[in-house]
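Here is the structure we will look at, set down as structure tokens.
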Amino acid sequence: MSAKSTSAIKSGQQTKSEKQSQSTASPGGSDKIKDDRASGLDHYGLDMGTSRVVRAQMRGGDPSFQTQLNAFVVLPNAKMNRTMLDRESISYTVDGNDILAFGNRVEEFANLLGGDTRRPMRNGLLNPGEPRNIDMITRTVKALCGPARKGQRICFSVPSAPEDGDSAVLFHEKAISHVLEEMGYEVRAINEGQAVVLAELVAHDFTGIGISFGGGMCNVCVSYLGLPAVTFATTRAGDFIDYSAASVVGETPVGARLYKESGLFDLSSRSGSSLDQALAIYYREVIQTVALTLERVMKTSKRLPRFRKPVPVVFSGGSALARGFGQELETAIGRVRLPFEVGEVQMAESGLNATAKGCLVAAMLDN
Ligand SMILES: Nc1ncnc2c1ncn2[C@@H]1O[C@H](COP(=O)(O)OP(=O)(O)O)[C@@H](O)[C@H]1O
Ligand SMILES: [Mg+2]
């Protein structure tokens with residue numbers, strides 16, 4: 001990454017007053033951001049997650065975020081169903097004989113009906129088993145972003161190709177790009193792990209390891225001065241925990257997920273119900289898989305830069321919210337052999353929004 005673009009990222013992450021004072025001192029990227037804002041253009045960062053889609057945008061000098069669950073439920077188009085959805089204030093649209101219910105409360109609703117939600121994406125990519133995949137993604141993205149204004153840019157996150165499975169990453173990237181281009185945006189894609197680095201490691205000159213622990217995947221980027229030296233993904237993530245734990249204790253996946261997210265689950269606790277124990281076992285499996293894959297990939301990588309300082313690790317994503325997660329990750333990384341010293345292991349400051357924020361930084365930098 002050039003010094004010019006690095007300075008632009010840095011200014012993109014600072015407060016309004018810092019940015020204004022820098023824009024005269026640094027005529028490179030900083031001016032560019034100022035120009036875009038002055039011309040009324042607001043670019044978007046878009047985290048296209050399996051579980052949630054998050055839009056980031058600059059508002060008054062700080063990034064602001066809006067989220068939509070990436071799931072839906074189909075019901076027959078009957079008056080009774082429409083009345084129930086209206087009463088529960090759940091968003092829906094009618095499509096012929098179907099009602100498509102979606103939005104942030106759709107999981108609760110699916111649980112109420114004793115079923116699971118349908119998912120447009122799976123394991124980080126468009127779900128090949130869901131006939132409405134692109135249709136529903138289009139509705140979600142339109143609801144979040146609306147049509148583009150002239151020259152408006154959007155940068156969205158794409159996962160790395162997982163090692164264990166044939167990759168449909170290219171198709172996924174092109175299909176999402178097409179949806180956004182049809183809406184009028186100038187579109188760019190960036191790797192999800194790299195987005196976490198851009199969002200969080202400004203103080204380390206974008207050198208370190210960014211990890212996003214999502215629903216469908218864990219995405220990892222080893223970055224040197226903002227350049228992704230190594231990226232990879234694993235497909236054991238939040239959904240794997242839900243489905244595996246549910247299947248061994250006779251729960252529904254959505255029930256396991258709601259409990260996992262309730263705040264009652266604690267990864268560091270050695271006791272609890274059979275669901276607590278099952279969730280903990282599969283959680284550790286997710287963390288171990290990332291640490292062991294990192295060890296293996298680092299051992300064989302020919303592109304590894306020479307780090308001069310301990311390498312910080314920053315982690316983000318919904319699955320990292322469980323109590324005790326950070327400690328468990330730090331222990332797992334401490335146990336594997338890496339060809340460099342690991343520095344601090346820290347939760348992303350922008351938490352669940354790190355990927356979207358990193359995408360926004362990239363969108364603001366684009367030419
Ligand atoms: N408070 C929480 N505790 C544990 N897991 C959570 C919590 N909130 C969300 N999750 C899990 O995080 C995952 C979604 O993370 P997210 O970063 O939104 O994923 P994605 O990038 O796949 O959209 C899901 O598996 C969800 O169950
Ligand atoms: Mg994600």
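Ordered as shown in the structure tokens, chains take letters A, B, and onward, while each chain numbers its residues from 1 and ligands are numbered from 1 in the order shown.
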
Using only C-alpha atoms and all ligand atoms, find each residue with an atom at most 7 Å away from ligand 1 and format the answer as an mmCIF file with C-alpha atoms, in the first residue's frame.
```
data_model
loop_
_atom_site.group_PDB
_atom_site.id
_atom_site.type_symbol
_atom_site.label_atom_id
_atom_site.label_comp_id
_atom_site.auth_asym_id
_atom_site.auth_seq_id
_atom_site.Cartn_x
_atom_site.Cartn_y
_atom_site.Cartn_z
ATOM 1 C CA MET A 48 -21.986 -9.118 3.084
ATOM 2 C CA GLY A 49 -22.121 -11.593 5.938
ATOM 3 C CA THR A 50 -23.804 -14.989 5.914
ATOM 4 C CA SER A 51 -25.662 -13.987 8.978
ATOM 5 C CA ARG A 52 -25.983 -10.207 8.782
ATOM 6 C CA VAL A 53 -25.465 -7.547 6.155
ATOM 7 C CA GLY A 124 -19.873 -17.005 3.368
ATOM 8 C CA SER A 212 -13.584 -12.224 11.547
ATOM 9 C CA PHE A 213 -15.504 -14.962 13.403
ATOM 10 C CA GLY A 214 -18.831 -14.955 11.595
ATOM 11 C CA GLY A 215 -21.820 -17.210 11.173
ATOM 12 C CA GLY A 216 -20.765 -19.061 8.046
ATOM 13 C CA MET A 217 -17.001 -18.639 8.117
ATOM 14 C CA ALA A 237 -18.086 -20.940 12.474
ATOM 15 C CA GLY A 238 -21.288 -19.857 14.255
ATOM 16 C CA ASP A 239 -23.688 -21.906 12.123
ATOM 17 C CA ARG A 257 -28.510 -19.922 18.351
ATOM 18 C CA LYS A 260 -25.961 -18.911 22.477
ATOM 19 C CA GLU A 261 -26.656 -15.221 21.859
ATOM 20 C CA SER A 262 -28.722 -14.671 25.022
ATOM 21 C CA GLY A 263 -25.741 -13.764 27.211
ATOM 22 C CA GLY A 317 -17.556 -10.875 14.302
ATOM 23 C CA GLY A 318 -20.662 -12.108 16.065
ATOM 24 C CA SER A 319 -19.179 -15.406 17.158
ATOM 25 C CA ALA A 320 -16.477 -13.553 19.092
ATOM 26 C CA LEU A 321 -19.128 -12.024 21.383
ATOM 27 C CA ALA A 322 -19.512 -15.089 23.583
ATOM 28 C CA LEU A 352 -19.573 -6.441 14.963
#
```

(message) Taking 2 positions as the minimum chain separation for residues in the same chain, which residues sit within 7 Å of stretch 147-161 of chain A when counting only C-alpha atoms? Answer as a ChimeraX atom specification.
(response) /A:41-48,124,145,163,167,169,173,183-192,219,231-233,359-360,362-363

(request) Would you please work out which residue, of A:Val336, A:Val254, A:Val73, A:Met347, is nearest to A:Val313 when using only C-alpha atoms? (result) A:Met347

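For A:Thr289, the list of residues within 9 Å, based on only C-alpha atoms and with local chain neighbours fewer than 5 positions off taken out, reads Thr234, Arg236, Arg284 and Leu294 of chain A.
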
Selection from above, C-alpha atoms, as a PDB file, in the first residue's frame, can you write it?
```
ATOM      1  CA  THR A 234     -12.409 -21.854   7.567  1.00  0.00           C
ATOM      2  CA  ARG A 236     -16.470 -24.011  10.982  1.00  0.00           C
ATOM      3  CA  ARG A 284     -13.526 -24.652  21.010  1.00  0.00           C
ATOM      4  CA  LEU A 294      -3.015 -20.453  10.793  1.00  0.00           C
TER       5      LEU A 294
END
```

(message) Show me, as a ChimeraX atom specification, the residues that have an atom within 10 Å of A:Val342 when counting only C-alpha atoms, minus same-chain residues fewer than 5 positions from it.
(response) /A:208-209,309-313,330,333-334

Near stretch 103-111 of chain A, within 9 Å and counting only C-alpha atoms, which residues show up once chain neighbours fewer than 6 positions away are dropped, as a compact mmCIF listing (two decimals) with N, CA and C atoms, in the first residue's frame?
```
# COMPACT_ATOMS: atom_id res chain seq x y z
N THR A 67 -27.84 -2.43 10.12
CA THR A 67 -27.72 -3.88 9.98
C THR A 67 -29.03 -4.52 9.57
N GLN A 68 -28.93 -5.56 8.78
CA GLN A 68 -30.13 -6.35 8.47
C GLN A 68 -29.76 -7.83 8.53
N LEU A 69 -30.60 -8.59 9.20
CA LEU A 69 -30.38 -10.03 9.27
C LEU A 69 -30.51 -10.63 7.87
N ASN A 70 -29.62 -11.55 7.53
CA ASN A 70 -29.63 -12.13 6.19
C ASN A 70 -30.42 -13.45 6.20
N ALA A 71 -31.70 -13.35 6.52
CA ALA A 71 -32.53 -14.55 6.66
C ALA A 71 -33.97 -14.18 6.37
N PHE A 72 -34.76 -15.16 6.00
CA PHE A 72 -36.18 -14.87 5.74
C PHE A 72 -37.03 -16.10 5.98
N VAL A 73 -38.35 -15.86 6.04
CA VAL A 73 -39.30 -16.96 6.22
C VAL A 73 -40.37 -16.80 5.15
N GLU A 88 -47.22 -8.29 14.87
CA GLU A 88 -45.87 -8.45 15.44
C GLU A 88 -44.89 -7.41 14.90
N SER A 89 -45.34 -6.55 14.02
CA SER A 89 -44.48 -5.53 13.37
C SER A 89 -43.26 -6.16 12.70
N ILE A 90 -43.49 -7.22 11.95
CA ILE A 90 -42.39 -7.86 11.21
C ILE A 90 -42.50 -7.47 9.74
N SER A 91 -41.36 -7.07 9.15
CA SER A 91 -41.38 -6.62 7.74
C SER A 91 -41.67 -7.79 6.81
N TYR A 92 -42.44 -7.53 5.77
CA TYR A 92 -42.66 -8.57 4.76
C TYR A 92 -43.03 -7.94 3.43
N THR A 117 -35.12 -20.44 9.82
CA THR A 117 -35.22 -19.44 8.76
C THR A 117 -34.59 -20.00 7.49
N THR A 140 -32.57 -7.27 0.35
CA THR A 140 -31.87 -6.82 1.56
C THR A 140 -30.98 -5.62 1.25
N THR A 252 -33.59 -27.22 18.19
CA THR A 252 -33.53 -26.73 16.80
C THR A 252 -32.30 -25.81 16.68
N VAL A 254 -32.06 -22.92 15.41
CA VAL A 254 -32.38 -21.53 15.75
C VAL A 254 -32.53 -21.38 17.28
N GLY A 255 -33.03 -22.42 17.93
CA GLY A 255 -33.14 -22.40 19.40
C GLY A 255 -31.75 -22.36 20.03
N LEU A 258 -30.34 -18.85 19.51
CA LEU A 258 -30.91 -17.81 20.38
C LEU A 258 -30.34 -17.94 21.80
```

(message) Report, in Å with one decimal, the straight-line distance from atom CA of A:Asn81 to atom CA of A:Met136.
(response) 19.7 Å

(request) One decimal, Å: what's the distance from atom CA of A:Glu328 over to atom CA of A:Leu279, could you say? (result) 13.7 Å

(message) Report as number ranges by chain all protein, DNA and RNA residues lying within 9 Å of A:Val197, evaluated on only C-alpha atoms, omitting residues in the same chain fewer than 6 positions from it.
(response) A: 206-211, 221-223, 226, 314, 354-355, 358

Just the selected residues (N, CA and C atoms), exported as a short mmCIF file (atom, residue, chain, number, x, y, z; two decimals), in the first residue's frame, please.
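Everything below was put into out.cif:
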```
data_model
loop_
_atom_site.label_atom_id
_atom_site.label_comp_id
_atom_site.auth_asym_id
_atom_site.auth_seq_id
_atom_site.Cartn_x
_atom_site.Cartn_y
_atom_site.Cartn_z
N PHE A 206 -1.31 -0.95 9.80
CA PHE A 206 -2.03 -2.02 9.10
C PHE A 206 -1.18 -3.28 8.99
N THR A 207 -0.36 -3.51 10.01
CA THR A 207 0.45 -4.73 10.05
C THR A 207 -0.06 -5.57 11.21
N GLY A 208 -0.47 -6.80 10.90
CA GLY A 208 -0.99 -7.68 11.93
C GLY A 208 -1.96 -8.68 11.34
N ILE A 209 -2.67 -9.36 12.23
CA ILE A 209 -3.61 -10.39 11.78
C ILE A 209 -5.03 -9.96 12.12
N GLY A 210 -5.88 -9.91 11.11
CA GLY A 210 -7.30 -9.59 11.32
C GLY A 210 -8.11 -10.86 11.15
N ILE A 211 -8.99 -11.13 12.10
CA ILE A 211 -9.83 -12.33 11.99
C ILE A 211 -11.28 -11.94 12.23
N CYS A 221 -6.75 -12.67 7.76
CA CYS A 221 -5.82 -11.99 6.86
C CYS A 221 -4.56 -11.62 7.64
N VAL A 222 -3.41 -12.05 7.13
CA VAL A 222 -2.14 -11.61 7.70
C VAL A 222 -1.67 -10.47 6.82
N SER A 223 -1.59 -9.29 7.42
CA SER A 223 -1.36 -8.10 6.61
C SER A 223 -0.03 -7.44 6.96
N GLY A 226 -0.70 -2.95 5.25
CA GLY A 226 -1.96 -2.83 4.52
C GLY A 226 -2.10 -3.79 3.36
N VAL A 314 -6.19 -8.97 15.88
CA VAL A 314 -7.45 -8.31 16.22
C VAL A 314 -8.59 -9.19 15.69
N ALA A 354 -16.74 -4.17 12.39
CA ALA A 354 -15.37 -3.99 11.89
C ALA A 354 -15.27 -4.22 10.37
N THR A 355 -15.91 -5.27 9.88
CA THR A 355 -15.81 -5.56 8.43
C THR A 355 -16.42 -4.42 7.62
N GLY A 358 -14.13 -1.41 7.65
CA GLY A 358 -12.97 -1.60 6.77
C GLY A 358 -13.36 -1.44 5.30
#
```

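Comparing the minimum interatomic distances between A:Ser301 and each of A:Tyr224, A:Arg59, A:Ala229, A:Pro131, counting only C-alpha atoms, we find that A:Ala229 sits nearest.
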
(request) Looking only at strand (DSSP E) from DSSP on the backbone, list the matching residues of stretch 140-313 of chain A as JSON, numbers by chain. (result) {"A": [153, 154, 155, 156, 157, 158, 186, 187, 188, 189, 190, 191, 208, 209, 210, 211, 212, 213, 218, 219, 220, 221, 222, 223, 224, 227, 228, 229, 230, 231, 232, 233, 234, 311, 312, 313]}

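A straight line drawn from atom CA of A:Ala356 to atom CA of A:Arg308 is 29.2 Å long.
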
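With distances restricted to only C-alpha atoms, A:Val230 is the closest residue to A:Lys302 from A:Leu113, A:Leu126, A:Val230, A:Leu275.
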
(request) as a VMD selection string, list the residues of stretch 196-347 of chain A assigned to helix (DSSP H, G or I) by DSSP on the backbone atoms of this structure. (result) chain A and resid 196 to 200 202 to 204 238 to 249 253 to 261 274 to 300 318 to 321 325 to 335
